[in-house]
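Raw start-v7.cif, mmCIF, C-alpha atoms and all ligand atoms:
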data_start
loop_
_atom_site.group_PDB
_atom_site.id
_atom_site.type_symbol
_atom_site.label_atom_id
_atom_site.label_comp_id
_atom_site.auth_asym_id
_atom_site.auth_seq_id
_atom_site.Cartn_x
_atom_site.Cartn_y
_atom_site.Cartn_z
ATOM 1 C CA MET A 1 -75.088 -46.394 44.800
ATOM 2 C CA GLY A 2 -75.456 -47.107 41.104
ATOM 3 C CA THR A 3 -77.961 -45.407 38.844
ATOM 4 C CA PRO A 4 -80.425 -48.256 38.148
ATOM 5 C CA VAL A 5 -82.709 -46.004 36.088
ATOM 6 C CA ASN A 6 -80.196 -46.138 33.216
ATOM 7 C CA ILE A 7 -79.727 -49.874 33.261
ATOM 8 C CA ILE A 8 -81.720 -52.165 30.978
ATOM 9 C CA VAL A 9 -81.044 -55.484 29.240
ATOM 10 C CA GLY A 10 -78.203 -54.853 26.794
ATOM 11 C CA SER A 11 -76.624 -52.049 28.874
ATOM 12 C CA HIS A 12 -72.850 -52.009 29.163
ATOM 13 C CA VAL A 13 -71.952 -51.801 32.834
ATOM 14 C CA TRP A 14 -69.207 -51.965 35.425
ATOM 15 C CA ILE A 15 -69.442 -54.562 38.163
ATOM 16 C CA GLU A 16 -67.231 -54.892 41.222
ATOM 17 C CA ASP A 17 -64.654 -57.675 41.062
ATOM 18 C CA PRO A 18 -62.612 -58.892 44.044
ATOM 19 C CA GLU A 19 -59.415 -59.107 41.955
ATOM 20 C CA GLU A 20 -59.713 -56.491 39.207
ATOM 21 C CA ALA A 21 -61.657 -53.915 41.292
ATOM 22 C CA TRP A 22 -64.094 -53.399 38.387
ATOM 23 C CA MET A 23 -65.006 -55.590 35.416
ATOM 24 C CA ASP A 24 -66.944 -54.508 32.367
ATOM 25 C CA GLY A 25 -69.808 -56.563 31.041
ATOM 26 C CA GLU A 26 -73.273 -56.555 29.503
ATOM 27 C CA VAL A 27 -76.618 -56.982 31.227
ATOM 28 C CA THR A 28 -78.411 -60.030 29.803
ATOM 29 C CA GLU A 29 -81.401 -60.240 32.159
ATOM 30 C CA ILE A 30 -83.111 -58.217 34.879
ATOM 31 C CA LYS A 31 -85.486 -59.881 37.357
ATOM 32 C CA GLY A 32 -86.717 -57.558 40.101
ATOM 33 C CA ARG A 33 -83.542 -56.123 41.631
ATOM 34 C CA ASP A 34 -81.308 -58.911 40.295
ATOM 35 C CA ALA A 35 -79.328 -58.207 37.152
ATOM 36 C CA THR A 36 -77.440 -60.924 35.277
ATOM 37 C CA ILE A 37 -74.213 -59.683 33.744
ATOM 38 C CA VAL A 38 -71.878 -61.477 31.348
ATOM 39 C CA THR A 39 -68.441 -59.948 31.791
ATOM 40 C CA THR A 40 -65.930 -59.504 28.970
ATOM 41 C CA ASN A 41 -63.789 -62.271 30.460
ATOM 42 C CA GLY A 42 -66.704 -64.676 30.171
ATOM 43 C CA LYS A 43 -68.045 -64.815 33.746
ATOM 44 C CA THR A 44 -71.766 -64.710 34.478
ATOM 45 C CA ILE A 45 -72.595 -62.751 37.617
ATOM 46 C CA VAL A 46 -75.922 -62.001 39.262
ATOM 47 C CA ALA A 47 -75.844 -58.770 41.250
ATOM 48 C CA ASP A 48 -78.172 -56.263 42.847
ATOM 49 C CA ILE A 49 -78.967 -53.615 40.280
ATOM 50 C CA SER A 50 -77.876 -50.863 42.681
ATOM 51 C CA SER A 51 -74.303 -52.238 42.730
ATOM 52 C CA ILE A 52 -73.684 -51.924 38.990
ATOM 53 C CA TYR A 53 -72.746 -48.755 37.139
ATOM 54 C CA PRO A 54 -73.358 -47.744 33.543
ATOM 55 C CA ARG A 55 -70.301 -47.779 31.253
ATOM 56 C CA ASP A 56 -69.751 -45.194 28.535
ATOM 57 C CA THR A 57 -69.037 -47.265 25.399
ATOM 58 C CA GLU A 58 -68.119 -44.123 23.464
ATOM 59 C CA ALA A 59 -65.373 -43.006 25.858
ATOM 60 C CA PRO A 60 -62.090 -42.482 23.950
ATOM 61 C CA PRO A 61 -59.744 -45.490 24.385
ATOM 62 C CA ALA A 62 -56.888 -43.169 25.399
ATOM 63 C CA GLY A 63 -59.045 -41.625 28.137
ATOM 64 C CA VAL A 64 -59.825 -37.946 28.647
ATOM 65 C CA ASP A 65 -57.392 -35.407 30.136
ATOM 66 C CA ASP A 66 -60.098 -33.835 32.322
ATOM 67 C CA MET A 67 -62.392 -36.090 34.264
ATOM 68 C CA THR A 68 -65.234 -33.553 34.027
ATOM 69 C CA LYS A 69 -65.479 -34.632 30.356
ATOM 70 C CA LEU A 70 -66.542 -38.133 31.392
ATOM 71 C CA ALA A 71 -70.145 -39.105 30.719
ATOM 72 C CA TYR A 72 -70.299 -40.869 34.099
ATOM 73 C CA LEU A 73 -68.283 -39.532 37.013
ATOM 74 C CA HIS A 74 -68.457 -42.625 39.221
ATOM 75 C CA GLU A 75 -65.651 -44.688 40.770
ATOM 76 C CA PRO A 76 -65.234 -47.273 37.959
ATOM 77 C CA GLY A 77 -65.434 -44.516 35.318
ATOM 78 C CA VAL A 78 -62.759 -42.441 37.067
ATOM 79 C CA LEU A 79 -60.467 -45.437 37.725
ATOM 80 C CA HIS A 80 -60.815 -46.732 34.168
ATOM 81 C CA ASN A 81 -59.950 -43.316 32.773
ATOM 82 C CA LEU A 82 -56.857 -43.069 34.997
ATOM 83 C CA ALA A 83 -55.825 -46.611 33.993
ATOM 84 C CA CYS A 84 -56.185 -45.870 30.242
ATOM 85 C CA ARG A 85 -54.012 -42.774 30.606
ATOM 86 C CA PHE A 86 -51.481 -44.500 32.843
ATOM 87 C CA ALA A 87 -51.048 -47.260 30.220
ATOM 88 C CA LEU A 88 -49.922 -44.486 27.852
ATOM 89 C CA ASN A 89 -47.534 -43.016 30.451
ATOM 90 C CA GLU A 90 -49.893 -40.114 31.165
ATOM 91 C CA ILE A 91 -49.672 -39.984 34.937
ATOM 92 C CA TYR A 92 -51.491 -36.658 35.350
ATOM 93 C CA THR A 93 -55.207 -35.993 34.795
ATOM 94 C CA TYR A 94 -57.354 -32.995 35.718
ATOM 95 C CA THR A 95 -60.700 -32.974 37.450
ATOM 96 C CA GLY A 96 -61.564 -29.364 36.797
ATOM 97 C CA ASN A 97 -58.736 -27.432 38.408
ATOM 98 C CA ILE A 98 -57.648 -30.306 40.640
ATOM 99 C CA LEU A 99 -54.696 -32.369 39.424
ATOM 100 C CA ILE A 100 -54.750 -36.138 39.995
ATOM 101 C CA ALA A 101 -51.329 -37.835 39.902
ATOM 102 C CA VAL A 102 -50.825 -41.588 39.649
ATOM 103 C CA ASN A 103 -47.462 -42.649 41.050
ATOM 104 C CA PRO A 104 -45.417 -44.193 38.199
ATOM 105 C CA PHE A 105 -42.896 -45.776 40.625
ATOM 106 C CA ARG A 106 -40.153 -45.189 38.077
ATOM 107 C CA ARG A 107 -38.149 -42.164 37.051
ATOM 108 C CA LEU A 108 -39.653 -40.136 34.231
ATOM 109 C CA PRO A 109 -36.958 -37.437 33.892
ATOM 110 C CA HIS A 110 -38.318 -36.016 30.617
ATOM 111 C CA LEU A 111 -41.484 -34.996 32.498
ATOM 112 C CA TYR A 112 -39.644 -32.653 34.807
ATOM 113 C CA ASP A 113 -36.714 -31.248 32.849
ATOM 114 C CA ILE A 114 -36.042 -27.594 32.132
ATOM 115 C CA HIS A 115 -37.647 -27.773 28.660
ATOM 116 C CA MET A 116 -40.872 -28.934 30.250
ATOM 117 C CA MET A 117 -40.743 -26.047 32.730
ATOM 118 C CA GLU A 118 -40.219 -23.594 29.891
ATOM 119 C CA GLN A 119 -43.239 -24.977 28.033
ATOM 120 C CA TYR A 120 -45.551 -24.522 31.004
ATOM 121 C CA LYS A 121 -44.267 -21.038 31.828
ATOM 122 C CA GLY A 122 -47.138 -18.650 31.111
ATOM 123 C CA ALA A 123 -49.305 -21.277 29.345
ATOM 124 C CA ALA A 124 -53.032 -21.047 30.071
ATOM 125 C CA PHE A 125 -54.309 -23.747 32.461
ATOM 126 C CA GLY A 126 -55.668 -26.655 30.395
ATOM 127 C CA GLU A 127 -53.856 -25.616 27.204
ATOM 128 C CA LEU A 128 -51.118 -28.232 27.630
ATOM 129 C CA SER A 129 -51.326 -31.780 28.994
ATOM 130 C CA PRO A 130 -52.144 -31.969 32.706
ATOM 131 C CA HIS A 131 -49.009 -31.422 34.760
ATOM 132 C CA LEU A 132 -47.991 -30.203 38.210
ATOM 133 C CA PHE A 133 -46.019 -27.404 36.524
ATOM 134 C CA ALA A 134 -49.340 -26.076 35.188
ATOM 135 C CA VAL A 135 -50.682 -25.937 38.756
ATOM 136 C CA ALA A 136 -47.520 -24.225 40.024
ATOM 137 C CA ASP A 137 -47.528 -21.782 37.111
ATOM 138 C CA THR A 138 -51.191 -20.852 37.592
ATOM 139 C CA CYS A 139 -50.536 -20.307 41.269
ATOM 140 C CA TYR A 140 -47.482 -18.163 40.605
ATOM 141 C CA ARG A 141 -49.346 -15.994 38.097
ATOM 142 C CA ALA A 142 -52.372 -15.638 40.389
ATOM 143 C CA MET A 143 -50.024 -14.416 43.122
ATOM 144 C CA ILE A 144 -48.535 -11.792 40.781
ATOM 145 C CA ASN A 145 -51.844 -10.685 39.250
ATOM 146 C CA GLU A 146 -53.932 -10.687 42.405
ATOM 147 C CA GLN A 147 -51.097 -9.613 44.714
ATOM 148 C CA GLY A 148 -52.123 -12.216 47.264
ATOM 149 C CA SER A 149 -50.886 -15.420 48.852
ATOM 150 C CA GLN A 150 -51.656 -18.736 47.194
ATOM 151 C CA SER A 151 -51.541 -22.263 48.534
ATOM 152 C CA ILE A 152 -51.227 -25.676 46.938
ATOM 153 C CA LEU A 153 -52.495 -28.639 48.922
ATOM 154 C CA VAL A 154 -50.840 -31.969 48.123
ATOM 155 C CA SER A 155 -52.724 -34.910 49.559
ATOM 156 C CA GLY A 156 -52.893 -38.673 49.157
ATOM 157 C CA GLU A 157 -52.250 -41.898 51.021
ATOM 158 C CA SER A 158 -48.775 -43.003 52.127
ATOM 159 C CA GLY A 159 -46.605 -43.675 49.089
ATOM 160 C CA ALA A 160 -48.887 -41.765 46.725
ATOM 161 C CA GLY A 161 -46.125 -39.333 45.750
ATOM 162 C CA LYS A 162 -46.757 -36.217 47.888
ATOM 163 C CA THR A 163 -43.116 -35.702 48.857
ATOM 164 C CA GLU A 164 -41.873 -36.043 45.266
ATOM 165 C CA THR A 165 -44.659 -33.787 44.001
ATOM 166 C CA THR A 166 -43.861 -31.131 46.603
ATOM 167 C CA LYS A 167 -40.187 -31.180 45.616
ATOM 168 C CA MET A 168 -41.109 -30.715 41.928
ATOM 169 C CA LEU A 169 -43.477 -27.863 42.799
ATOM 170 C CA MET A 170 -40.681 -26.188 44.741
ATOM 171 C CA ARG A 171 -38.302 -26.666 41.814
ATOM 172 C CA TYR A 172 -40.780 -25.012 39.467
ATOM 173 C CA LEU A 173 -41.346 -22.077 41.818
ATOM 174 C CA ALA A 174 -37.569 -21.721 42.178
ATOM 175 C CA PHE A 175 -37.319 -21.718 38.377
ATOM 176 C CA MET A 176 -39.947 -18.966 38.114
ATOM 177 C CA GLY A 177 -38.885 -16.852 41.052
ATOM 178 C CA GLY A 178 -35.204 -17.644 41.358
ATOM 179 C CA ARG A 179 -32.361 -15.189 41.077
ATOM 180 C CA SER A 180 -29.179 -16.264 39.371
ATOM 181 C CA ALA A 181 -26.648 -17.102 42.081
ATOM 182 C CA GLY A 182 -24.584 -13.980 42.575
ATOM 183 C CA SER A 183 -22.095 -12.682 45.060
ATOM 184 C CA GLU A 184 -24.291 -13.628 48.042
ATOM 185 C CA GLY A 185 -23.440 -17.310 47.521
ATOM 186 C CA ARG A 186 -26.295 -19.810 47.652
ATOM 187 C CA THR A 187 -29.702 -18.408 46.829
ATOM 188 C CA VAL A 188 -32.793 -18.847 49.014
ATOM 189 C CA GLU A 189 -34.323 -21.298 46.559
ATOM 190 C CA GLN A 190 -31.156 -23.415 46.550
ATOM 191 C CA GLN A 191 -31.205 -23.453 50.335
ATOM 192 C CA VAL A 192 -34.864 -24.508 50.413
ATOM 193 C CA LEU A 193 -34.258 -27.346 47.961
ATOM 194 C CA GLU A 194 -31.116 -28.388 49.817
ATOM 195 C CA SER A 195 -33.005 -28.562 53.123
ATOM 196 C CA ASN A 196 -35.009 -31.561 51.831
ATOM 197 C CA PRO A 197 -32.304 -34.240 52.312
ATOM 198 C CA VAL A 198 -31.666 -32.986 55.871
ATOM 199 C CA LEU A 199 -35.373 -32.981 56.788
ATOM 200 C CA GLU A 200 -35.824 -36.392 55.197
ATOM 201 C CA ALA A 201 -32.835 -37.816 57.131
ATOM 202 C CA PHE A 202 -34.473 -36.904 60.445
ATOM 203 C CA GLY A 203 -38.134 -37.332 59.557
ATOM 204 C CA ASN A 204 -38.359 -40.072 56.908
ATOM 205 C CA ALA A 205 -38.158 -43.808 57.335
ATOM 206 C CA LYS A 206 -38.801 -47.007 55.430
ATOM 207 C CA THR A 207 -42.326 -48.344 56.008
ATOM 208 C CA VAL A 208 -44.226 -51.231 54.432
ATOM 209 C CA LYS A 209 -45.835 -48.732 52.057
ATOM 210 C CA ASN A 210 -42.939 -46.492 51.164
ATOM 211 C CA ASN A 211 -39.148 -46.773 51.390
ATOM 212 C CA ASN A 212 -38.934 -43.041 52.050
ATOM 213 C CA SER A 213 -42.061 -42.301 54.019
ATOM 214 C CA SER A 214 -42.387 -38.857 55.639
ATOM 215 C CA ARG A 215 -43.323 -39.445 59.239
ATOM 216 C CA PHE A 216 -44.078 -35.752 59.840
ATOM 217 C CA GLY A 217 -46.213 -33.040 58.284
ATOM 218 C CA LYS A 218 -44.593 -30.154 56.470
ATOM 219 C CA PHE A 219 -45.782 -26.644 55.655
ATOM 220 C CA VAL A 220 -43.459 -24.994 53.174
ATOM 221 C CA GLU A 221 -43.802 -21.258 52.760
ATOM 222 C CA ILE A 222 -41.986 -19.506 49.943
ATOM 223 C CA GLN A 223 -42.059 -15.733 50.077
ATOM 224 C CA PHE A 224 -41.787 -13.574 46.972
ATOM 225 C CA ASP A 225 -41.051 -9.860 46.621
ATOM 226 C CA LYS A 226 -43.202 -7.532 44.538
ATOM 227 C CA HIS A 227 -41.225 -8.418 41.424
ATOM 228 C CA GLY A 228 -42.090 -12.094 41.840
ATOM 229 C CA LYS A 229 -38.578 -13.045 42.944
ATOM 230 C CA ILE A 230 -38.052 -15.362 45.917
ATOM 231 C CA SER A 231 -37.173 -13.290 48.974
ATOM 232 C CA GLY A 232 -37.389 -15.838 51.766
ATOM 233 C CA ALA A 233 -38.692 -19.194 52.827
ATOM 234 C CA ALA A 234 -39.845 -21.027 55.922
ATOM 235 C CA VAL A 235 -40.383 -24.714 56.466
ATOM 236 C CA ARG A 236 -42.595 -25.628 59.398
ATOM 237 C CA THR A 237 -42.756 -29.231 60.500
ATOM 238 C CA TYR A 238 -45.311 -30.804 62.768
ATOM 239 C CA LEU A 239 -46.578 -34.133 64.120
ATOM 240 C CA LEU A 240 -43.373 -36.199 63.927
ATOM 241 C CA GLU A 241 -44.025 -39.889 64.645
ATOM 242 C CA ARG A 242 -41.809 -39.936 67.741
ATOM 243 C CA SER A 243 -42.633 -43.497 68.817
ATOM 244 C CA ARG A 244 -40.580 -44.790 65.845
ATOM 245 C CA VAL A 245 -37.352 -43.713 67.558
ATOM 246 C CA CYS A 246 -37.653 -46.432 70.200
ATOM 247 C CA GLN A 247 -39.990 -48.959 68.561
ATOM 248 C CA VAL A 248 -39.796 -50.304 65.005
ATOM 249 C CA SER A 249 -41.264 -53.549 63.735
ATOM 250 C CA ASP A 250 -39.588 -55.481 60.941
ATOM 251 C CA PRO A 251 -39.463 -54.842 57.923
ATOM 252 C CA GLU A 252 -39.889 -51.148 58.752
ATOM 253 C CA ARG A 253 -36.888 -49.075 59.732
ATOM 254 C CA ASN A 254 -36.031 -46.224 62.050
ATOM 255 C CA TYR A 255 -35.277 -42.720 60.758
ATOM 256 C CA HIS A 256 -32.698 -42.608 57.947
ATOM 257 C CA CYS A 257 -30.267 -40.501 60.055
ATOM 258 C CA PHE A 258 -29.426 -43.436 62.343
ATOM 259 C CA TYR A 259 -28.353 -45.651 59.426
ATOM 260 C CA MET A 260 -26.436 -42.762 57.893
ATOM 261 C CA LEU A 261 -24.543 -42.316 61.152
ATOM 262 C CA CYS A 262 -23.720 -46.034 61.341
ATOM 263 C CA ALA A 263 -22.548 -46.052 57.717
ATOM 264 C CA ALA A 264 -20.461 -42.900 58.110
ATOM 265 C CA PRO A 265 -16.684 -43.162 58.295
ATOM 266 C CA PRO A 266 -15.337 -42.848 61.905
ATOM 267 C CA GLU A 267 -13.811 -39.378 61.336
ATOM 268 C CA VAL A 268 -17.306 -37.962 60.620
ATOM 269 C CA ILE A 269 -18.762 -39.347 63.840
ATOM 270 C CA SER A 270 -15.925 -38.265 66.140
HETATM 271 N N1 LIG B 1 -43.630 -38.331 40.050
HETATM 272 C C1 LIG B 1 -42.921 -39.399 40.377
HETATM 273 N N2 LIG B 1 -42.067 -39.955 39.480
HETATM 274 C C2 LIG B 1 -41.347 -41.058 39.790
HETATM 275 N N3 LIG B 1 -41.433 -41.704 40.961
HETATM 276 C C3 LIG B 1 -42.258 -41.195 41.903
HETATM 277 C C4 LIG B 1 -43.052 -40.030 41.655
HETATM 278 N N4 LIG B 1 -43.792 -39.785 42.759
HETATM 279 C C5 LIG B 1 -43.457 -40.735 43.647
HETATM 280 N N5 LIG B 1 -42.544 -41.584 43.139
HETATM 281 C C6 LIG B 1 -41.942 -42.791 43.796
HETATM 282 O O1 LIG B 1 -42.798 -43.194 44.854
HETATM 283 C C7 LIG B 1 -42.108 -43.168 46.097
HETATM 284 C C8 LIG B 1 -43.069 -42.688 47.192
HETATM 285 O O2 LIG B 1 -43.414 -41.331 46.937
HETATM 286 P P1 LIG B 1 -43.451 -40.231 48.080
HETATM 287 O O3 LIG B 1 -42.369 -40.478 49.088
HETATM 288 O O4 LIG B 1 -43.491 -38.894 47.427
HETATM 289 O O5 LIG B 1 -44.869 -40.576 48.730
HETATM 290 P P2 LIG B 1 -45.650 -39.783 49.897
HETATM 291 O O6 LIG B 1 -47.041 -39.593 49.396
HETATM 292 O O7 LIG B 1 -44.877 -38.555 50.284
HETATM 293 O O8 LIG B 1 -45.645 -40.874 51.033
HETATM 294 P P3 LIG B 1 -45.623 -40.691 52.656
HETATM 295 O O9 LIG B 1 -46.977 -40.158 53.030
HETATM 296 O O10 LIG B 1 -45.396 -42.100 53.125
HETATM 297 O O11 LIG B 1 -44.485 -39.788 52.969
HETATM 298 C C9 LIG B 1 -40.901 -42.247 45.882
HETATM 299 O O12 LIG B 1 -39.827 -42.598 46.705
HETATM 300 C C10 LIG B 1 -40.591 -42.478 44.429
HETATM 301 O O13 LIG B 1 -39.798 -43.658 44.272
#

Serialized structure, structure tokens:
Amino acid sequence: MGTPVNIIVGSHVWIEDPEEAWMDGEVTEIKGRDATIVTTNGKTIVADISSIYPRDTEAPPAGVDDMTKLAYLHEPGVLHNLACRFALNEIYTYTGNILIAVNPFRRLPHLYDIHMMEQYKGAAFGELSPHLFAVADTCYRAMINEQGSQSILVSGESGAGKTETTKMLMRYLAFMGGRSAGSEGRTVEQQVLESNPVLEAFGNAKTVKNNNSSRFGKFVEIQFDKHGKISGAAVRTYLLERSRVCQVSDPERNYHCFYMLCAAPPEVIS
């Protein structure tokens, strides 16, 4: 519900739009519960006053890096802030200590390189631009300081970027807690990162929403010793979409492993 108490003639508001999701406009008349709004693209709309939301005209054009700084924390306010930041290639935004990520659907390697990891190492949460490395770093330090387990929950709809985010979080934790590869061969963190392609081959498939959709849940546990170095890891999988193995509707595909097998040279298969 909107906040009609704030809305008078002359108010700047957001109104729902079937194409744009939300349009901004100005209230020109209020009669009972009906408000007339002239939108910035020139449309005149009459709507119930409870369906319009006040717009903060003083919000910075580049958006704010923490949504708790918004004057109005309603859906159009939040979406507009994310859109302003996204237009400037800022895909991450905080809401307090929660990180919101907007999938860029293109590679942004500079965001995840080693220099970026070094910058976030030890930096206070909120000191640098919002980033998943800040979340991973805070978690790592809390584990060391409080001597207790920490968890990071990555959630979102299919195609939102959970799998990619989880891989980046694991890379950061491997960077913080990794040992340099020594005589023992591959380190635990290398093995954990290398397990991803194998798990994805058997549990990921192309869907209408995502070309590499995880069709199973995954709980990744990384264990650290008292010096903060990775000592072990466990990956638990659950709820695999088994029906996909025998039934797939076009344009979706079966699990990647089947296509890999078909594409493999004969000597690999035999
Ligand atoms: N941070 C990112 N940078 C660049 N591209 C990304 C990023 N996050 C996601 N993507 C792109 O979006 C696609 C879908 O992301 P991802 O597979 O992580 O989604 P998901 O939330 O795990 O989906 P599902 O629930 O279907 O498994 C990726 O294959 C990748 O192309």

- Message: What's the separation between atom CA of Asp250 of chain A and atom CA of Gly156 of chain A, in Å to one decimal place?
- Response: 24.5 Å

- Item | Output of the PyMOL selection byres (((not hetatm)) within 6 of (chain B and resi 1)), listed as a PyMOL selection string | chain A and resi 103-108+156-164+210+212-214

With 12 Å as the cut-off and all atoms listed in the file counted, what is the closest atom pair between each nearby residue of segment 73-155 of chain A and segment 217-227 of chain A? Distances in Å to one decimal, ordered by chain and number, as a Markdown table.
| residue | atom | partner | partner_atom | distance |
| --- | --- | --- | --- | --- |
| A:Tyr140 | CA | A:Phe224 | CA | 9.7 |
| A:Arg141 | CA | A:His227 | CA | 11.6 |
| A:Met143 | CA | A:Phe224 | CA | 9.1 |
| A:Ile144 | CA | A:Lys226 | CA | 7.8 |
| A:Asn145 | CA | A:Lys226 | CA | 10.6 |
| A:Glu146 | CA | A:Lys226 | CA | 11.4 |
| A:Gln147 | CA | A:Lys226 | CA | 8.2 |
| A:Gly148 | CA | A:Phe224 | CA | 10.4 |
| A:Ser149 | CA | A:Gln223 | CA | 8.9 |
| A:Gln150 | CA | A:Glu221 | CA | 10.0 |
| A:Ser151 | CA | A:Glu221 | CA | 8.9 |
| A:Ile152 | CA | A:Val220 | CA | 10.0 |
| A:Leu153 | CA | A:Phe219 | CA | 9.7 |
| A:Val154 | CA | A:Phe219 | CA | 10.5 |
| A:Ser155 | CA | A:Gly217 | CA | 11.0 |

Print the selection's residues with C-alpha atoms to a file, as a PDB file, keeping the file's coordinate frame.
ATOM      1  CA  TYR A 140     -47.482 -18.163  40.605  1.00  0.00           C
ATOM      2  CA  ARG A 141     -49.346 -15.994  38.097  1.00  0.00           C
ATOM      3  CA  MET A 143     -50.024 -14.416  43.122  1.00  0.00           C
ATOM      4  CA  ILE A 144     -48.535 -11.792  40.781  1.00  0.00           C
ATOM      5  CA  ASN A 145     -51.844 -10.685  39.250  1.00  0.00           C
ATOM      6  CA  GLU A 146     -53.932 -10.687  42.405  1.00  0.00           C
ATOM      7  CA  GLN A 147     -51.097  -9.613  44.714  1.00  0.00           C
ATOM      8  CA  GLY A 148     -52.123 -12.216  47.264  1.00  0.00           C
ATOM      9  CA  SER A 149     -50.886 -15.420  48.852  1.00  0.00           C
ATOM     10  CA  GLN A 150     -51.656 -18.736  47.194  1.00  0.00           C
ATOM     11  CA  SER A 151     -51.541 -22.263  48.534  1.00  0.00           C
ATOM     12  CA  ILE A 152     -51.227 -25.676  46.938  1.00  0.00           C
ATOM     13  CA  LEU A 153     -52.495 -28.639  48.922  1.00  0.00           C
ATOM     14  CA  VAL A 154     -50.840 -31.969  48.123  1.00  0.00           C
ATOM     15  CA  SER A 155     -52.724 -34.910  49.559  1.00  0.00           C
TER      16      SER A 155
END

- Find the residues around segment 14-30 of chain A up to 8 Å (all atoms listed in the file counted), leave out those fewer than 6 positions away in its own chain, and share them as a PyMOL selection string. chain A and resi 8+36-40+51-55+76

- Would you translate the PyMOL selection byres (((chain A and resi 88) around 12) and not hetatm) into the concrete set of residues it matches in this file, as a count of residues only? 17

- Evaluate the PyMOL selection byres (((chain A and resi 193) around 10) and not hetatm) here and jot the selected residues down as a ChimeraX atom specification. /A:167-168,170-171,174,188-192,194-197
